[in-house]
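Asker: My structure is in input.tsv, and what it holds is TSV, C-alpha atoms:
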```
chain	number	residue	atom	x	y	z
E	1	MET	CA	0.00	0.00	0.00
E	2	LEU	CA	1.03	3.57	-0.64
E	3	SER	CA	1.10	6.00	2.26
E	4	LYS	CA	-2.23	7.63	2.99
E	5	ALA	CA	-3.27	10.19	0.42
E	6	LYS	CA	-6.37	12.13	-0.56
E	7	CYS	CA	-7.97	11.59	-3.92
E	8	LEU	CA	-10.90	13.15	-5.74
E	9	ILE	CA	-13.12	11.11	-8.07
E	10	THR	CA	-15.47	13.17	-10.22
E	11	GLY	CA	-18.42	11.08	-11.32
E	12	ILE	CA	-18.19	8.65	-8.41
E	13	THR	CA	-21.82	7.58	-8.91
E	14	GLY	CA	-21.11	6.20	-12.39
E	15	MET	CA	-20.10	2.66	-13.26
E	16	VAL	CA	-16.39	3.44	-13.47
E	17	GLY	CA	-16.32	5.87	-10.55
E	18	SER	CA	-18.04	3.43	-8.22
E	19	HIS	CA	-15.72	0.56	-9.18
E	20	LEU	CA	-12.71	2.85	-8.75
E	21	ALA	CA	-13.89	3.69	-5.23
E	22	ASP	CA	-14.22	-0.05	-4.51
E	23	PHE	CA	-10.69	-0.68	-5.81
E	24	LEU	CA	-9.12	2.13	-3.81
E	25	LEU	CA	-10.89	1.15	-0.60
E	26	GLU	CA	-9.62	-2.41	-0.97
E	27	ASN	CA	-6.09	-1.76	-2.22
E	28	THR	CA	-5.00	1.52	-0.62
E	29	ASP	CA	-5.52	3.45	2.59
E	30	TRP	CA	-6.37	6.63	0.69
E	31	GLU	CA	-9.06	9.03	1.79
E	32	ILE	CA	-11.57	9.25	-1.04
E	33	TRP	CA	-13.65	12.28	-1.97
E	34	GLY	CA	-16.38	11.61	-4.51
E	35	MET	CA	-17.96	14.47	-6.41
E	36	TYR	CA	-21.62	14.06	-7.30
E	37	ARG	CA	-24.55	16.27	-8.25
E	38	TRP	CA	-27.34	16.74	-5.73
E	39	ASN	CA	-29.83	14.85	-7.94
E	40	ASP	CA	-27.55	11.97	-8.97
E	41	ASN	CA	-28.83	8.41	-8.66
E	42	LEU	CA	-26.82	6.75	-5.87
E	43	ASP	CA	-27.61	3.12	-6.76
E	44	ASN	CA	-24.04	2.35	-7.86
E	45	ILE	CA	-22.60	3.41	-4.51
E	46	GLU	CA	-25.44	2.22	-2.30
E	47	HIS	CA	-23.13	-0.43	-0.82
E	48	LEU	CA	-20.75	2.36	0.26
E	49	LEU	CA	-23.25	4.72	1.87
E	50	SER	CA	-22.86	3.30	5.37
E	51	ARG	CA	-19.15	4.13	5.14
E	52	VAL	CA	-19.98	7.58	3.79
E	53	ASN	CA	-22.32	8.18	6.73
E	54	LYS	CA	-19.56	7.16	9.15
E	55	LYS	CA	-16.95	9.17	7.20
E	56	ASP	CA	-14.97	5.93	6.98
E	57	ARG	CA	-12.40	6.90	4.33
E	58	ILE	CA	-15.01	7.99	1.82
E	59	ASN	CA	-16.76	11.36	1.59
E	60	LEU	CA	-19.28	12.75	-0.88
E	61	VAL	CA	-19.08	16.36	-1.95
E	62	ASN	CA	-21.60	18.20	-4.08
E	63	GLY	CA	-20.33	19.73	-7.31
E	64	ASP	CA	-21.21	20.33	-10.93
E	65	LEU	CA	-18.86	20.62	-13.90
E	66	ASN	CA	-21.00	23.47	-15.20
E	67	ASP	CA	-20.55	25.52	-12.01
E	68	LEU	CA	-17.04	26.85	-11.43
E	69	VAL	CA	-17.82	28.05	-7.90
E	70	SER	CA	-18.91	24.57	-6.87
E	71	LEU	CA	-15.74	23.08	-8.38
E	72	MET	CA	-13.56	25.48	-6.44
E	73	ASP	CA	-15.38	24.39	-3.28
E	74	VAL	CA	-14.89	20.70	-4.16
E	75	VAL	CA	-11.15	21.20	-4.61
E	76	ASP	CA	-10.90	23.20	-1.38
E	77	LYS	CA	-12.70	20.52	0.63
E	78	SER	CA	-10.95	17.50	-0.87
E	79	LYS	CA	-7.38	18.93	-1.00
E	80	PRO	CA	-6.49	16.19	-3.49
E	81	GLU	CA	-3.14	14.61	-4.21
E	82	PHE	CA	-4.74	12.55	-6.98
E	83	VAL	CA	-7.69	13.46	-9.21
E	84	PHE	CA	-9.60	11.03	-11.41
E	85	HIS	CA	-11.77	13.10	-13.73
E	86	LEU	CA	-14.45	10.64	-14.83
E	87	ALA	CA	-17.60	12.80	-14.74
E	88	ALA	CA	-19.14	13.41	-18.15
E	89	GLN	CA	-22.21	13.22	-20.31
E	90	SER	CA	-21.10	9.76	-21.39
E	91	TYR	CA	-23.82	8.43	-23.70
E	92	PRO	CA	-22.93	8.75	-27.42
E	93	LYS	CA	-26.52	8.24	-28.67
E	94	THR	CA	-27.89	10.81	-26.20
E	95	SER	CA	-25.36	13.33	-27.49
E	96	PHE	CA	-27.14	13.46	-30.86
E	97	GLU	CA	-30.25	14.67	-29.06
E	98	SER	CA	-28.44	16.94	-26.56
E	99	PRO	CA	-25.24	18.10	-28.26
E	100	LEU	CA	-24.93	21.46	-26.50
E	101	GLU	CA	-25.30	19.96	-23.02
E	102	THR	CA	-22.71	17.35	-24.02
E	103	PHE	CA	-20.25	20.02	-25.21
E	104	ASN	CA	-20.79	22.21	-22.14
E	105	THR	CA	-20.34	19.39	-19.65
E	106	ASN	CA	-17.45	17.56	-21.28
E	107	ILE	CA	-15.42	20.39	-22.80
E	108	LEU	CA	-16.11	23.47	-20.70
E	109	GLY	CA	-16.66	21.35	-17.60
E	110	THR	CA	-13.20	19.81	-17.92
E	111	ALA	CA	-11.65	23.24	-18.45
E	112	GLN	CA	-13.44	24.60	-15.38
E	113	LEU	CA	-12.30	21.69	-13.21
E	114	LEU	CA	-8.68	22.10	-14.30
E	115	GLU	CA	-8.92	25.86	-13.80
E	116	ALA	CA	-10.27	25.34	-10.29
E	117	ILE	CA	-7.30	23.08	-9.53
E	118	ARG	CA	-4.82	25.45	-11.16
E	119	LYS	CA	-6.04	28.37	-9.05
E	120	SER	CA	-5.85	26.30	-5.85
E	121	PRO	CA	-2.78	25.72	-3.65
E	122	TYR	CA	-2.86	22.00	-4.55
E	123	ASP	CA	-0.79	20.25	-7.21
E	124	PRO	CA	-2.31	16.80	-7.70
E	125	VAL	CA	-1.56	14.09	-10.23
E	126	ILE	CA	-4.56	14.27	-12.56
E	127	HIS	CA	-6.15	11.68	-14.80
E	128	VAL	CA	-8.37	13.15	-17.52
E	129	CYS	CA	-10.59	10.48	-19.02
E	130	ALA	CA	-11.18	11.01	-22.73
E	131	SER	CA	-12.46	8.11	-24.88
E	132	SER	CA	-11.60	5.85	-27.78
E	133	GLU	CA	-14.58	7.49	-29.49
E	134	VAL	CA	-12.22	10.35	-30.41
E	135	PHE	CA	-10.85	8.14	-33.19
E	136	GLY	CA	-14.30	7.59	-34.64
E	137	ARG	CA	-14.36	6.02	-38.08
E	138	VAL	CA	-10.97	4.39	-38.56
E	139	PRO	CA	-9.96	2.67	-41.85
E	140	LYS	CA	-9.65	-1.10	-41.44
E	141	GLU	CA	-6.05	-1.01	-42.65
E	142	ASN	CA	-5.17	1.23	-39.66
E	143	LEU	CA	-6.15	-1.37	-37.06
E	144	PRO	CA	-5.19	-1.79	-34.29
E	145	ILE	CA	-5.55	1.87	-33.36
E	146	THR	CA	-2.45	3.54	-31.92
E	147	GLU	CA	-2.33	6.80	-29.97
E	148	GLU	CA	-1.20	8.61	-33.11
E	149	GLU	CA	-4.26	7.72	-35.20
E	150	ARG	CA	-5.98	10.89	-36.40
E	151	PHE	CA	-9.19	11.98	-34.73
E	152	HIS	CA	-12.35	11.44	-36.80
E	153	PRO	CA	-15.17	11.75	-34.22
E	154	ALA	CA	-18.53	10.26	-35.21
E	155	SER	CA	-20.88	11.83	-32.64
E	156	PRO	CA	-21.24	15.02	-30.59
E	157	TYR	CA	-20.04	12.93	-27.62
E	158	ALA	CA	-16.89	11.98	-29.51
E	159	ILE	CA	-16.30	15.62	-30.50
E	160	SER	CA	-16.67	16.61	-26.84
E	161	LYS	CA	-14.10	14.01	-25.85
E	162	VAL	CA	-11.66	15.38	-28.42
E	163	GLY	CA	-12.03	18.66	-26.55
E	164	THR	CA	-11.57	16.91	-23.20
E	165	ASP	CA	-8.42	15.20	-24.47
E	166	LEU	CA	-6.86	18.36	-25.89
E	167	ILE	CA	-7.76	20.51	-22.86
E	168	GLY	CA	-6.04	18.02	-20.55
E	169	ARG	CA	-2.90	18.05	-22.65
E	170	TYR	CA	-2.98	21.84	-22.98
E	171	TYR	CA	-3.14	22.40	-19.21
E	172	ALA	CA	-0.24	19.99	-18.76
E	173	GLU	CA	1.93	21.82	-21.28
E	174	ALA	CA	0.87	25.41	-20.57
E	175	TYR	CA	0.80	25.31	-16.77
E	176	GLY	CA	3.10	22.43	-15.84
E	177	MET	CA	0.27	20.48	-14.23
E	178	THR	CA	0.76	16.71	-13.94
E	179	ILE	CA	-2.03	15.54	-16.21
E	180	MET	CA	-2.33	12.32	-18.21
E	181	THR	CA	-5.11	11.60	-20.68
E	182	THR	CA	-6.56	8.18	-21.44
E	183	ARG	CA	-8.55	6.91	-24.41
E	184	MET	CA	-10.33	3.94	-22.84
E	185	PHE	CA	-11.85	1.55	-25.35
E	186	THR	CA	-15.05	-0.43	-24.72
E	187	HIS	CA	-15.28	-1.44	-21.07
E	188	THR	CA	-18.20	-2.90	-19.22
E	189	GLY	CA	-19.37	-5.05	-16.35
E	190	PRO	CA	-21.75	-4.76	-13.40
E	191	ARG	CA	-23.42	-1.33	-13.03
E	192	ARG	CA	-23.15	-0.55	-16.74
E	193	GLY	CA	-25.88	1.89	-17.79
E	194	ASP	CA	-28.69	0.40	-19.85
E	195	VAL	CA	-28.16	2.89	-22.68
E	196	PHE	CA	-25.14	0.84	-23.79
E	197	ALA	CA	-25.62	-2.15	-26.10
E	198	GLU	CA	-24.32	-5.01	-23.97
E	199	SER	CA	-26.11	-3.75	-20.88
E	200	THR	CA	-29.49	-3.26	-22.55
E	201	PHE	CA	-29.16	-6.74	-24.03
E	202	ALA	CA	-28.41	-8.23	-20.60
E	203	LYS	CA	-31.28	-6.27	-19.05
E	204	GLN	CA	-33.74	-7.42	-21.71
E	205	ILE	CA	-32.66	-11.05	-21.30
E	206	ALA	CA	-33.10	-10.81	-17.52
E	207	MET	CA	-36.58	-9.34	-18.01
E	208	ILE	CA	-37.47	-12.12	-20.45
E	209	GLU	CA	-36.26	-14.74	-17.95
E	210	LYS	CA	-38.47	-13.14	-15.29
E	211	GLY	CA	-41.47	-13.21	-17.62
E	212	ILE	CA	-41.97	-9.44	-17.73
E	213	GLN	CA	-40.90	-9.00	-21.38
E	214	GLU	CA	-41.82	-10.96	-24.47
E	215	PRO	CA	-38.98	-13.23	-25.70
E	216	VAL	CA	-37.71	-10.55	-28.07
E	217	VAL	CA	-34.46	-8.56	-27.74
E	218	LYS	CA	-34.42	-5.22	-29.55
E	219	VAL	CA	-31.07	-4.19	-30.99
E	220	GLY	CA	-29.31	-1.50	-32.98
E	221	ASN	CA	-26.26	-1.96	-35.21
E	222	LEU	CA	-24.83	-5.45	-34.62
E	223	ASP	CA	-21.96	-5.18	-37.12
E	224	SER	CA	-19.65	-2.89	-35.13
E	225	LEU	CA	-16.39	-4.48	-34.05
E	226	ARG	CA	-15.32	-3.97	-30.43
E	227	THR	CA	-12.44	-4.98	-28.20
E	228	TRP	CA	-13.86	-5.64	-24.74
E	229	ALA	CA	-12.37	-4.86	-21.34
E	230	ASP	CA	-13.76	-5.33	-17.85
E	231	VAL	CA	-14.45	-2.21	-15.80
E	232	ARG	CA	-12.52	-3.74	-12.89
E	233	ASP	CA	-9.44	-4.03	-15.08
E	234	ALA	CA	-10.03	-0.45	-16.25
E	235	VAL	CA	-9.98	1.06	-12.77
E	236	ARG	CA	-6.84	-0.88	-11.89
E	237	ALA	CA	-5.27	0.68	-14.99
E	238	TYR	CA	-6.32	4.16	-13.84
E	239	TYR	CA	-4.72	3.58	-10.44
E	240	MET	CA	-1.49	2.45	-12.09
E	241	LEU	CA	-1.61	5.48	-14.41
E	242	VAL	CA	-1.37	7.97	-11.54
E	243	THR	CA	0.99	5.98	-9.29
E	244	ILE	CA	3.61	4.51	-11.65
E	245	ASN	CA	5.96	7.24	-12.84
E	246	PRO	CA	3.26	9.66	-14.05
E	247	ILE	CA	4.50	11.68	-17.03
E	248	SER	CA	2.79	15.03	-17.51
E	249	GLY	CA	1.15	15.48	-20.89
E	250	GLU	CA	1.22	11.80	-21.86
E	251	TYR	CA	-1.79	10.10	-23.43
E	252	TYR	CA	-2.58	6.41	-23.58
E	253	ASN	CA	-4.91	3.92	-25.19
E	254	ILE	CA	-6.30	1.42	-22.67
E	255	GLY	CA	-8.45	-1.55	-23.58
E	256	GLY	CA	-8.95	-5.27	-23.54
E	257	THR	CA	-7.68	-8.07	-25.74
E	258	TYR	CA	-10.89	-9.91	-26.72
E	259	THR	CA	-12.36	-8.64	-29.99
E	260	CYS	CA	-15.73	-9.52	-31.50
E	261	THR	CA	-18.73	-7.90	-33.14
E	262	ILE	CA	-21.75	-6.64	-31.21
E	263	LYS	CA	-23.65	-9.55	-32.78
E	264	GLU	CA	-21.20	-12.11	-31.40
E	265	MET	CA	-21.37	-10.50	-27.97
E	266	LEU	CA	-25.17	-10.74	-28.08
E	267	GLN	CA	-24.97	-14.38	-29.14
E	268	TYR	CA	-22.84	-15.13	-26.08
E	269	LEU	CA	-25.33	-13.46	-23.75
E	270	LEU	CA	-28.21	-15.34	-25.38
E	271	SER	CA	-26.32	-18.61	-24.96
E	272	GLN	CA	-26.19	-17.98	-21.21
E	273	SER	CA	-29.92	-17.37	-20.89
E	274	THR	CA	-32.29	-19.86	-19.28
E	275	VAL	CA	-34.78	-19.01	-22.04
E	276	LYS	CA	-34.02	-20.42	-25.47
E	277	ASN	CA	-35.18	-19.28	-28.93
E	278	ILE	CA	-35.23	-15.57	-28.03
E	279	GLU	CA	-35.97	-13.51	-31.13
E	280	VAL	CA	-33.70	-10.62	-32.14
E	281	ILE	CA	-35.29	-7.60	-33.85
E	282	GLN	CA	-33.58	-4.42	-35.03
E	283	ASP	CA	-35.09	-1.24	-33.61
E	284	SER	CA	-34.46	1.83	-35.76
E	285	GLU	CA	-34.52	4.07	-32.67
E	286	ARG	CA	-31.40	2.30	-31.40
E	287	LEU	CA	-29.33	3.21	-34.47
E	288	ARG	CA	-26.93	6.15	-34.41
E	289	PRO	CA	-26.85	8.54	-37.39
E	290	ILE	CA	-23.16	7.58	-37.75
E	291	ASP	CA	-21.21	4.92	-35.90
E	292	ALA	CA	-17.61	4.35	-34.85
E	293	ASP	CA	-17.66	0.78	-36.07
E	294	LEU	CA	-14.07	-0.42	-35.70
E	295	GLN	CA	-12.82	0.01	-32.13
E	296	VAL	CA	-9.73	-2.19	-31.78
E	297	PRO	CA	-6.87	-0.72	-29.71
E	298	ASP	CA	-3.12	-1.01	-29.60
E	299	VAL	CA	-2.41	-0.70	-25.85
E	300	SER	CA	1.31	-1.48	-25.98
E	301	LYS	CA	2.37	2.06	-24.97
E	302	PHE	CA	0.48	1.91	-21.67
E	303	ALA	CA	1.51	-1.71	-21.06
E	304	ARG	CA	5.19	-0.84	-21.53
E	305	HIS	CA	4.96	2.10	-19.17
E	306	THR	CA	3.05	0.46	-16.32
E	307	GLY	CA	3.12	-3.31	-16.84
E	308	TRP	CA	-0.69	-3.37	-16.84
E	309	LYS	CA	-2.58	-6.05	-18.70
E	310	PRO	CA	-6.20	-7.24	-18.53
E	311	GLN	CA	-6.91	-10.09	-16.12
E	312	ILE	CA	-10.66	-10.70	-16.44
E	313	LYS	CA	-11.92	-12.77	-19.36
E	314	PHE	CA	-14.71	-11.63	-21.67
E	315	GLU	CA	-16.99	-14.46	-20.58
E	316	LYS	CA	-16.76	-13.52	-16.89
E	317	THR	CA	-17.44	-9.87	-17.69
E	318	MET	CA	-20.60	-10.77	-19.60
E	319	ASP	CA	-21.71	-13.34	-17.04
E	320	ASP	CA	-21.32	-10.81	-14.23
E	321	LEU	CA	-23.21	-8.17	-16.23
E	322	LEU	CA	-26.09	-10.58	-16.86
E	323	ASP	CA	-26.16	-11.61	-13.20
E	324	TYR	CA	-26.15	-7.94	-12.18
E	325	TRP	CA	-29.35	-7.38	-14.15
E	326	ARG	CA	-30.89	-10.63	-12.90
E	327	GLU	CA	-30.40	-9.40	-9.34
E	328	ARG	CA	-31.94	-6.01	-10.10
E	329	ILE	CA	-34.91	-7.56	-11.90
E	330	LYS	CA	-35.39	-10.07	-9.06
E	331	ASP	CA	-36.04	-7.20	-6.67
E	332	GLY	CA	-39.23	-6.43	-8.58
E	333	ARG	CA	-38.09	-3.06	-9.84
E	334	SER	CA	-39.46	-1.60	-13.08
E	335	PHE	CA	-37.20	-0.37	-15.86
E	336	LEU	CA	-37.67	1.51	-19.10
E	337	GLY	CA	-37.84	-0.68	-22.14
E	338	ARG	CA	-34.67	0.65	-23.68
```
The structure in this file should be written as structure tokens.

Answerer:
Amino acid sequence: MLSKAKCLITGITGMVGSHLADFLLENTDWEIWGMYRWNDNLDNIEHLLSRVNKKDRINLVNGDLNDLVSLMDVVDKSKPEFVFHLAAQSYPKTSFESPLETFNTNILGTAQLLEAIRKSPYDPVIHVCASSEVFGRVPKENLPITEEERFHPASPYAISKVGTDLIGRYYAEAYGMTIMTTRMFTHTGPRRGDVFAESTFAKQIAMIEKGIQEPVVKVGNLDSLRTWADVRDAVRAYYMLVTINPISGEYYNIGGTYTCTIKEMLQYLLSQSTVKNIEVIQDSERLRPIDADLQVPDVSKFARHTGWKPQIKFEKTMDDLLDYWRERIKDGRSFLGR
């Protein structure tokens, strides 16, 4: 374990933020400050709330990326030595419907957070989370995707993450702040939001098994190629990023090693269902106007620097995601049919 330190996680209520909090509580003695908005859903950190109430190494602090004053207060309260900037409008499909909110939160919000830190007396090691979506539509001959692949964003979300990426690198170069940027490729697991393909498939299968949905799974584009990583491997990578010789201004691809199409991923989930002969129907509302359809990373740069490599197999990730939804459905809760 490292000596006790204070860290700030923006977006702690999200899938990645909540798993990162779990990892840090188990593997360090750090004091964790999690930034959330007053109206955030706390389901992903429900298992941590008793510790929050006791102030047992984890604290919640209210803040909003679109409110500089609140960010200054968050930094002042948390006094961070490490910052994991994970908060974002993170749904690519939603960004087509709400592009301005996506730009404001992800681009200006990142700039405001870094400005709040820059104006503070603290000098933390900062992780700015961009996305593999910045690469967008990549020619097949350019696979696997290296860090030097040109940006060709295919959604307002992806454009916003280009801004996030460049702002992080700018603040590192212009102000000497210790900031690294990551382009995480597809990562999933328990607590994945149901607006993402693999999670909505798992949710629909769980609802079918429970008898509350007809034996039909609605899908979007099944032809996209993805390399899959587990969220628990992802947060371990983020921890290694900020603790193993952090180099200001560097940027890294991070991702898994198992590659398959969305269709093949769905077929695996269906093969694990207790209900057989489930029908698959394409739903036009689930299609994006344009899709980043080849997301296969070269992660050798990050692996060389930190020694990180994925440990959790694709099958376990998908099994755990399906079981996560089975548990939620078992509780008798109702969910949108999306």

Asker: I'd like the interatomic distance between atom CA of E:Leu65 and atom CA of E:Gly136, to a tenth of an Å.

Answerer: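 We find that atom CA of E:Leu65 and atom CA of E:Gly136 lie 24.9 Å from each other.
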
Asker: Figure out the distance between atom CA of E:Val235 and atom CA of E:Ala174, please, to one decimal in Å.

Answerer: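 A separation of 27.8 Å between them.
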
Asker: Which of these residues is nearest to E:Lys313, using all atoms listed in the file: E:Lys93, E:Arg51, E:His187, E:Arg150?

Answerer: E:His187

Asker: For atom CA of E:Leu25 and atom CA of E:Asn253, determine how far apart the two atoms are, in Å to one decimal place.

Answerer: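 Going from atom CA of E:Leu25 over to atom CA of E:Asn253, I get 25.5 Å.
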
Asker: Using all atoms listed in the file for the distances, tell me which of E:Thr274, E:Gln295, E:Asn41, E:Gln213 is nearest to E:Thr261.

Answerer: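 Going through E:Thr274, E:Gln295, E:Asn41, E:Gln213 one by one, the smallest distance to E:Thr261 is for E:Gln295.
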